[in-house]
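Asks: See target-v1.csv below, with CSV, C-alpha atoms.
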```csv
chain,number,residue,atom,x,y,z
A,6,MET,CA,-85.1,152.4,123.6
A,7,SER,CA,-81.5,151.9,124.7
A,8,GLU,CA,-82.1,151.3,128.4
A,9,GLN,CA,-85.1,149.0,128.0
A,10,GLU,CA,-83.3,145.7,128.2
A,11,THR,CA,-81.5,145.9,131.5
A,12,THR,CA,-84.4,147.2,133.6
A,13,PHE,CA,-87.6,145.8,132.1
A,14,GLU,CA,-89.8,143.9,134.5
A,15,LEU,CA,-92.8,142.0,133.2
A,16,HIS,CA,-96.0,142.3,135.3
A,17,PRO,CA,-96.4,139.0,137.3
A,18,GLN,CA,-99.9,138.5,135.9
A,19,LEU,CA,-98.7,138.7,132.3
A,20,ALA,CA,-95.8,136.3,133.2
A,21,GLN,CA,-98.3,133.8,134.6
A,22,ASP,CA,-100.9,134.1,131.7
A,23,SER,CA,-98.6,134.1,128.7
A,24,LEU,CA,-95.4,132.6,127.3
A,25,TYR,CA,-92.3,134.3,125.9
A,26,LEU,CA,-91.9,134.1,122.1
A,27,THR,CA,-89.4,136.8,121.1
A,28,ASP,CA,-88.3,140.4,121.4
A,29,TRP,CA,-89.0,143.0,118.7
A,30,PRO,CA,-87.4,146.4,118.8
A,31,LEU,CA,-90.0,147.9,121.1
A,32,SER,CA,-92.1,145.0,122.5
A,33,GLN,CA,-91.8,141.6,124.0
A,34,VAL,CA,-94.0,139.2,122.0
A,35,ARG,CA,-95.9,136.7,124.1
A,36,VAL,CA,-98.6,134.1,123.5
A,37,VAL,CA,-101.5,133.7,125.9
A,38,ASP,CA,-101.5,130.2,127.3
A,39,ASP,CA,-105.0,129.3,126.0
A,40,ASN,CA,-105.5,127.0,123.1
A,41,GLN,CA,-109.1,128.2,122.4
A,42,TYR,CA,-107.9,131.2,120.4
A,43,PRO,CA,-104.7,132.3,118.7
A,44,TRP,CA,-104.0,135.1,121.2
A,45,PHE,CA,-100.8,137.2,121.2
A,46,ILE,CA,-99.7,140.2,123.2
A,47,LEU,CA,-97.2,142.9,122.6
A,48,VAL,CA,-95.6,144.3,125.7
A,49,PRO,CA,-93.4,147.4,125.2
A,50,ARG,CA,-90.3,146.9,127.3
A,51,TYR,CA,-90.7,149.8,129.6
A,52,ASN,CA,-91.6,150.0,133.3
A,53,GLY,CA,-94.4,152.3,134.5
A,54,ILE,CA,-96.1,152.8,131.1
A,55,SER,CA,-99.9,152.2,131.1
A,56,GLU,CA,-101.2,154.0,128.0
A,57,ILE,CA,-100.2,154.0,124.4
A,58,ILE,CA,-99.9,157.7,124.6
A,59,ASP,CA,-97.5,157.4,127.5
A,60,LEU,CA,-95.0,156.3,124.9
A,61,SER,CA,-92.9,158.8,123.0
A,62,GLU,CA,-94.2,159.6,119.5
A,63,GLN,CA,-91.4,157.5,118.0
A,64,ASP,CA,-92.3,154.5,120.2
A,65,GLN,CA,-96.0,154.8,119.4
A,66,GLN,CA,-95.1,154.6,115.7
A,67,GLN,CA,-93.0,151.5,116.4
A,68,LEU,CA,-95.8,149.9,118.4
A,69,TRP,CA,-98.3,150.4,115.5
A,70,HIS,CA,-95.7,149.0,113.1
A,71,GLU,CA,-95.2,145.9,115.3
A,72,SER,CA,-99.0,145.6,115.8
A,73,ALA,CA,-99.6,145.7,112.0
A,74,PHE,CA,-96.8,143.2,111.4
A,75,LEU,CA,-98.3,140.8,114.0
A,76,SER,CA,-101.8,141.3,112.5
A,77,TYR,CA,-100.6,140.5,109.0
A,78,TRP,CA,-98.9,137.3,110.3
A,79,LEU,CA,-102.1,136.3,112.2
A,80,GLN,CA,-104.2,136.7,109.1
A,81,ALA,CA,-101.8,134.7,107.0
A,82,GLU,CA,-101.3,132.0,109.5
A,83,TYR,CA,-104.9,131.5,110.8
A,84,ARG,CA,-107.2,133.1,108.2
A,85,PRO,CA,-109.6,134.2,111.0
A,86,ASN,CA,-113.0,135.7,110.6
A,87,LYS,CA,-111.9,138.8,112.5
A,88,LEU,CA,-109.0,140.2,114.3
A,89,ASN,CA,-109.4,141.8,117.7
A,90,VAL,CA,-106.8,144.4,118.6
A,91,ALA,CA,-107.0,146.0,122.0
A,92,ALA,CA,-105.2,147.8,124.8
A,93,LEU,CA,-107.4,147.6,127.9
A,94,GLY,CA,-105.3,147.2,131.1
A,95,ASN,CA,-108.0,147.6,133.7
A,96,GLU,CA,-106.7,144.7,135.6
A,97,VAL,CA,-103.0,144.7,134.6
A,98,PRO,CA,-101.8,148.3,134.3
A,99,GLN,CA,-98.6,147.5,132.4
A,100,LEU,CA,-99.2,148.5,128.7
A,101,HIS,CA,-99.9,145.4,126.6
A,102,MET,CA,-101.8,145.1,123.3
A,103,HIS,CA,-103.9,142.1,122.6
A,104,HIS,CA,-104.0,140.6,119.1
A,105,ILE,CA,-106.5,137.8,118.9
A,106,ALA,CA,-107.6,135.8,115.8
A,107,ARG,CA,-111.3,135.2,116.2
A,108,PHE,CA,-113.5,132.6,114.5
A,109,LYS,CA,-117.3,132.3,114.2
A,110,ASP,CA,-117.1,128.9,115.9
A,111,ASP,CA,-114.8,129.8,118.8
A,112,VAL,CA,-116.1,129.4,122.3
A,113,ALA,CA,-116.7,133.1,123.0
A,114,TRP,CA,-117.9,134.4,119.6
A,115,PRO,CA,-119.2,137.0,119.1
A,116,ALA,CA,-118.4,138.3,122.6
A,117,PRO,CA,-114.9,139.6,123.4
A,118,VAL,CA,-112.6,136.9,124.8
A,119,TRP,CA,-112.3,138.6,128.1
A,120,SER,CA,-116.0,138.0,128.9
A,121,ALA,CA,-115.8,134.3,128.0
A,122,ALA,CA,-117.0,132.0,130.7
A,123,ALA,CA,-114.9,129.2,129.3
A,124,PRO,CA,-111.8,128.5,131.5
A,125,ARG,CA,-108.5,128.7,129.7
A,126,GLN,CA,-106.9,125.5,128.3
A,127,ALA,CA,-103.1,125.4,128.2
A,128,LEU,CA,-101.3,125.3,124.9
A,129,SER,CA,-99.5,122.0,124.1
A,130,GLU,CA,-95.7,121.9,124.4
A,131,THR,CA,-95.6,121.1,120.7
A,132,GLU,CA,-97.5,124.2,119.8
A,133,VAL,CA,-95.4,126.5,122.0
A,134,LEU,CA,-92.2,125.1,120.4
A,135,ARG,CA,-93.8,125.5,116.9
A,136,LEU,CA,-94.6,129.2,117.7
A,137,ARG,CA,-91.2,129.9,119.1
A,138,ASP,CA,-89.6,128.5,115.9
A,139,ILE,CA,-91.9,130.7,113.8
A,140,PHE,CA,-91.1,133.8,115.8
A,141,LYS,CA,-87.4,133.1,115.6
A,142,GLN,CA,-87.7,133.8,111.9
A,143,LEU,CA,-90.2,136.7,112.2
A,144,SER,CA,-87.6,139.3,113.2
A,145,LEU,CA,-88.4,143.0,112.8
B,670,MET,CA,-109.0,159.7,100.8
B,671,SER,CA,-110.5,161.8,98.0
B,672,GLU,CA,-113.5,159.7,97.2
B,673,GLN,CA,-114.5,158.9,100.8
B,674,GLU,CA,-117.0,161.6,101.3
B,675,THR,CA,-119.4,160.8,98.5
B,676,THR,CA,-119.7,157.1,99.0
B,677,PHE,CA,-119.3,156.4,102.7
B,678,GLU,CA,-122.1,154.5,104.3
B,679,LEU,CA,-122.2,154.1,108.1
B,680,HIS,CA,-123.2,150.7,109.3
B,681,PRO,CA,-126.8,150.9,110.6
B,682,GLN,CA,-125.8,149.5,114.0
B,683,LEU,CA,-123.2,152.2,114.5
B,684,ALA,CA,-125.8,154.8,113.4
B,685,GLN,CA,-128.2,153.6,116.0
B,686,ASP,CA,-125.7,153.2,118.9
B,687,SER,CA,-123.8,156.5,118.5
B,688,LEU,CA,-124.1,160.2,117.5
B,689,TYR,CA,-122.1,162.2,115.0
B,690,LEU,CA,-119.6,164.7,116.4
B,691,THR,CA,-117.3,165.6,113.5
B,692,ASP,CA,-115.2,164.4,110.6
B,693,TRP,CA,-111.4,164.2,110.9
B,694,PRO,CA,-109.3,163.6,107.8
B,695,LEU,CA,-109.7,159.8,107.9
B,696,SER,CA,-112.4,159.1,110.4
B,697,GLN,CA,-115.9,160.1,111.4
B,698,VAL,CA,-115.8,160.8,115.2
B,699,ARG,CA,-118.9,159.6,117.1
B,700,VAL,CA,-119.9,159.3,120.7
B,701,VAL,CA,-121.7,156.2,121.9
B,702,ASP,CA,-125.1,157.1,123.3
B,703,ASP,CA,-124.4,155.9,126.8
B,704,ASN,CA,-123.8,158.3,129.7
B,705,GLN,CA,-122.2,155.6,131.9
B,706,TYR,CA,-118.8,156.1,130.2
B,707,PRO,CA,-117.1,158.7,128.0
B,708,TRP,CA,-117.1,156.4,125.0
B,709,PHE,CA,-116.0,157.6,121.5
B,710,ILE,CA,-115.5,155.8,118.3
B,711,LEU,CA,-113.4,156.5,115.2
B,712,VAL,CA,-114.9,155.2,111.9
B,713,PRO,CA,-112.6,155.5,108.9
B,714,ARG,CA,-114.8,156.7,106.1
B,715,TYR,CA,-114.5,153.8,103.8
B,716,ASN,CA,-116.9,151.1,102.9
B,717,GLY,CA,-115.9,147.4,103.1
B,718,ILE,CA,-113.0,147.8,105.4
B,719,SER,CA,-113.0,145.6,108.5
B,720,GLU,CA,-109.4,145.4,109.8
B,721,ILE,CA,-106.9,148.1,110.6
B,722,ILE,CA,-104.5,146.4,108.2
B,723,ASP,CA,-107.1,146.6,105.4
B,724,LEU,CA,-106.2,150.3,105.3
B,725,SER,CA,-103.3,151.6,103.2
B,726,GLU,CA,-100.2,152.2,105.2
B,727,GLN,CA,-100.7,155.9,104.9
B,728,ASP,CA,-104.3,155.6,106.3
B,729,GLN,CA,-103.1,153.3,109.1
B,730,GLN,CA,-100.7,156.1,110.1
B,731,GLN,CA,-103.5,158.6,110.0
B,732,LEU,CA,-105.7,156.3,112.1
B,733,TRP,CA,-103.1,156.1,114.8
B,734,HIS,CA,-102.6,159.8,114.7
B,735,GLU,CA,-106.3,160.4,115.2
B,736,SER,CA,-106.4,157.7,117.9
B,737,ALA,CA,-103.6,159.4,119.8
B,738,PHE,CA,-105.2,162.8,119.4
B,739,LEU,CA,-108.5,161.5,120.7
B,740,SER,CA,-106.8,159.7,123.6
B,741,TYR,CA,-104.9,162.9,124.6
B,742,TRP,CA,-108.1,164.8,124.7
B,743,LEU,CA,-109.9,162.0,126.7
B,744,GLN,CA,-107.2,162.1,129.3
B,745,ALA,CA,-107.2,165.9,129.5
B,746,GLU,CA,-111.0,166.1,129.6
B,747,TYR,CA,-112.0,163.3,131.9
B,748,ARG,CA,-108.8,162.3,133.8
B,749,PRO,CA,-109.8,158.6,133.8
B,750,ASN,CA,-108.1,155.8,135.6
B,751,LYS,CA,-107.5,154.0,132.3
B,752,LEU,CA,-108.1,154.3,128.6
B,753,ASN,CA,-109.5,151.4,126.7
B,754,VAL,CA,-108.6,151.4,123.0
B,755,ALA,CA,-109.9,148.6,120.9
B,756,ALA,CA,-110.9,147.5,117.4
B,757,LEU,CA,-113.1,144.4,117.8
B,758,GLY,CA,-115.9,144.3,115.2
B,759,ASN,CA,-117.2,140.8,115.8
B,760,GLU,CA,-120.7,142.1,115.6
B,761,VAL,CA,-120.3,145.1,113.4
B,762,PRO,CA,-117.8,144.4,110.7
B,763,GLN,CA,-117.3,148.0,109.6
B,764,LEU,CA,-113.9,149.1,111.0
B,765,HIS,CA,-114.4,151.2,114.1
B,766,MET,CA,-112.1,151.9,117.0
B,767,HIS,CA,-113.4,152.3,120.5
B,768,HIS,CA,-111.8,154.9,122.9
B,769,ILE,CA,-113.3,154.7,126.3
B,770,ALA,CA,-112.4,156.6,129.5
B,771,ARG,CA,-112.7,154.1,132.3
B,772,PHE,CA,-113.0,154.8,136.1
B,773,LYS,CA,-112.6,152.5,139.0
B,774,ASP,CA,-116.2,153.4,140.1
B,775,ASP,CA,-117.9,153.0,136.7
B,776,VAL,CA,-120.6,150.3,136.4
B,777,ALA,CA,-118.5,147.8,134.5
B,778,TRP,CA,-115.0,148.2,136.1
B,779,PRO,CA,-112.7,146.3,135.8
B,780,ALA,CA,-114.5,144.3,133.1
B,781,PRO,CA,-114.5,145.6,129.5
B,782,VAL,CA,-117.6,147.7,128.8
B,783,TRP,CA,-118.9,145.2,126.1
B,784,SER,CA,-119.5,142.6,128.8
B,785,ALA,CA,-121.4,145.0,131.1
B,786,ALA,CA,-124.8,143.8,132.1
B,787,ALA,CA,-125.9,147.4,132.7
B,788,PRO,CA,-128.3,148.7,130.0
B,789,ARG,CA,-127.2,151.8,128.2
B,790,GLN,CA,-128.5,155.2,129.4
B,791,ALA,CA,-128.9,157.8,126.7
B,792,LEU,CA,-126.8,161.0,126.8
B,793,SER,CA,-128.6,164.2,127.7
B,794,GLU,CA,-129.2,166.7,124.8
B,795,THR,CA,-127.1,169.2,126.7
B,796,GLU,CA,-124.2,166.8,126.8
B,797,VAL,CA,-124.4,166.0,123.1
B,798,LEU,CA,-124.5,169.8,122.3
B,799,ARG,CA,-121.5,170.4,124.6
B,800,LEU,CA,-119.5,167.6,122.9
B,801,ARG,CA,-120.4,168.9,119.4
B,802,ASP,CA,-119.2,172.3,120.4
B,803,ILE,CA,-115.9,170.9,121.7
B,804,PHE,CA,-115.3,168.8,118.6
B,805,LYS,CA,-116.0,171.8,116.3
B,806,GLN,CA,-112.8,173.3,117.8
B,807,LEU,CA,-110.9,170.0,117.8
B,808,SER,CA,-110.0,169.9,114.1
B,809,LEU,CA,-107.2,167.8,112.9
```
If you took the structure in this file and wrote it as structure tokens, what would it be?
Replies:
Amino acid sequence: MSEQETTFELHPQLAQDSLYLTDWPLSQVRVVDDNQYPWFILVPRYNGISEIIDLSEQDQQQLWHESAFLSYWLQAEYRPNKLNVAALGNEVPQLHMHHIARFKDDVAWPAPVWSAAAPRQALSETEVLRLRDIFKQLSL
Amino acid sequence: MSEQETTFELHPQLAQDSLYLTDWPLSQVRVVDDNQYPWFILVPRYNGISEIIDLSEQDQQQLWHESAFLSYWLQAEYRPNKLNVAALGNEVPQLHMHHIARFKDDVAWPAPVWSAAAPRQALSETEVLRLRDIFKQLSL
């Protein structure tokens, strides 16, 4: 992972749809700018990687470690009815893993969030600052 | 994993939507009965488990190992444009991980398959037998 930092370029669509929270050893942690769901993404800091299995075995292990850590935090913080964990990437090929806390009364339930007709609603500045504070402490 | 075999009960919806292929150390491997996409699911053979992080750390490692193995095979067999790997479970709470080979000319592209309006089309018997033969060799 030594050469990640200098060369990593985030896909412009991810940069537009989500906000930076922190960097973990493998991934950049970002929150999707939509207050209708707690929706976080992990973006391994490599260019040209589309699939989980494009990562080295060691990096795959690290991704699952970071995914589990984020999932544990989502459960503790939001107490959702269900977690949705997914790597799709049909529209944005740069590997990114969605982690979404879902509730039986959220606007898309039980459909996946990607099919929701509801337009996104931006996070408040207060919420973004709160999350950045939390993730400053959540170091891996 | 010693007591899995005797007590495992597959959720009726998964039993209805998909066909048995084989058992790996942790998961039952099944194919979704839809010839529009190569669509496989891993179902860890436990009752009452909904989230990846409900599994022990050792079983989580095994799940990712099985997920990667299935993904490598999907890439080699179908040469898709993209893999979709996801644990959602909003409708069927029993933990199951989707692995879908996606193509730019498939009926749902670029939307996730779960939002596709196209009704499912059953697999041919020949195809099911072919897959069962393949997975007989793909032991983990």
Asks: Can you build me a table of chain A residues sitting at most 6 Å from chain B, with the closest atom pair per residue and its distance in Å to one decimal, using only C-alpha atoms, sorted by chain and residue number, as CSV?
Replies:
```
residue,atom,partner,partner_atom,distance
A:Asn89,CA,B:Leu757,CA,4.5
A:Val90,CA,B:Ala756,CA,5.3
A:Ala91,CA,B:Ala755,CA,4.0
A:Ala92,CA,B:Val754,CA,5.3
A:Leu93,CA,B:Asn753,CA,4.5
A:Asn95,CA,B:Pro779,CA,5.3
A:Pro115,CA,B:Asn759,CA,5.4
A:Ser120,CA,B:Ser784,CA,5.8
```
Asks: Hey, can you check how far CA of Thr691 (chain B) sits from CA of Leu679 (chain B)?
Replies: 13.6 Å
Asks: What separation in Å, quoted to one decimal, exists between CA of Leu764 (chain B) and CA of Ile718 (chain B)?
Replies: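 Between these atoms lies a distance of 5.8 Å.
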Asks: I'd like to know which of A:Val36, A:Pro85, A:Phe13, A:Ala123 is closest to Arg50 (chain A), using only C-alpha atoms.
Replies: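 That would be A:Phe13, the residue with the smallest distance to Arg50 (chain A).
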Asks: Excluding Pro713 (chain B) and any residue of its chain fewer than 4 positions from it, enumerate the residues within 8 Å of it, using only C-alpha atoms, and give them as a compact mmCIF listing (two decimals) with C-alpha atoms, in the frame of the given file.
Replies:
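Writing done, so here's part19.txt:
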```txt
# COMPACT_ATOMS: atom_id res chain seq x y z
CA LEU B 695 -109.70 159.80 107.90
CA SER B 696 -112.40 159.10 110.40
CA GLN B 697 -115.90 160.10 111.40
CA LEU B 732 -105.70 156.30 112.10
CA LEU B 764 -113.90 149.10 111.00
CA HIS B 765 -114.40 151.20 114.10
```
Asks: Any chance you could build region 21-32 of chain A out to N, CA and C atoms and write it as a PDB file, in the frame of the given file?
Replies:
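Below you can see rebuild.pdb, which holds the result:
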```pdb
ATOM      1  N   GLN A  21     -97.604 135.073 134.223  1.00  0.00           N
ATOM      2  CA  GLN A  21     -98.300 133.800 134.600  1.00  0.00           C
ATOM      3  C   GLN A  21     -99.271 133.407 133.430  1.00  0.00           C
ATOM      4  N   ASP A  22     -99.879 134.369 132.746  1.00  0.00           N
ATOM      5  CA  ASP A  22    -100.900 134.100 131.700  1.00  0.00           C
ATOM      6  C   ASP A  22    -100.354 133.790 130.356  1.00  0.00           C
ATOM      7  N   SER A  23     -99.101 134.116 130.113  1.00  0.00           N
ATOM      8  CA  SER A  23     -98.600 134.100 128.700  1.00  0.00           C
ATOM      9  C   SER A  23     -97.156 133.575 128.703  1.00  0.00           C
ATOM     10  N   LEU A  24     -96.712 133.197 127.507  1.00  0.00           N
ATOM     11  CA  LEU A  24     -95.400 132.600 127.300  1.00  0.00           C
ATOM     12  C   LEU A  24     -94.548 133.442 126.382  1.00  0.00           C
ATOM     13  N   TYR A  25     -93.270 133.542 126.669  1.00  0.00           N
ATOM     14  CA  TYR A  25     -92.300 134.300 125.900  1.00  0.00           C
ATOM     15  C   TYR A  25     -92.161 133.747 124.476  1.00  0.00           C
ATOM     16  N   LEU A  26     -92.217 134.595 123.452  1.00  0.00           N
ATOM     17  CA  LEU A  26     -91.900 134.100 122.100  1.00  0.00           C
ATOM     18  C   LEU A  26     -90.608 134.796 121.575  1.00  0.00           C
ATOM     19  N   THR A  27     -90.586 136.127 121.580  1.00  0.00           N
ATOM     20  CA  THR A  27     -89.400 136.800 121.100  1.00  0.00           C
ATOM     21  C   THR A  27     -89.421 138.257 121.503  1.00  0.00           C
ATOM     22  N   ASP A  28     -88.346 138.961 121.213  1.00  0.00           N
ATOM     23  CA  ASP A  28     -88.300 140.400 121.400  1.00  0.00           C
ATOM     24  C   ASP A  28     -88.235 141.108 120.088  1.00  0.00           C
ATOM     25  N   TRP A  29     -89.128 142.068 119.858  1.00  0.00           N
ATOM     26  CA  TRP A  29     -89.000 143.000 118.700  1.00  0.00           C
ATOM     27  C   TRP A  29     -88.404 144.262 119.211  1.00  0.00           C
ATOM     28  N   PRO A  30     -88.110 145.203 118.310  1.00  0.00           N
ATOM     29  CA  PRO A  30     -87.400 146.400 118.800  1.00  0.00           C
ATOM     30  C   PRO A  30     -88.011 147.083 119.979  1.00  0.00           C
ATOM     31  N   LEU A  31     -89.341 147.189 119.990  1.00  0.00           N
ATOM     32  CA  LEU A  31     -90.000 147.900 121.100  1.00  0.00           C
ATOM     33  C   LEU A  31     -90.569 146.859 122.126  1.00  0.00           C
ATOM     34  N   SER A  32     -91.201 145.805 121.629  1.00  0.00           N
ATOM     35  CA  SER A  32     -92.100 145.000 122.500  1.00  0.00           C
ATOM     36  C   SER A  32     -91.548 143.565 122.670  1.00  0.00           C
TER      37      SER A  32
END
```
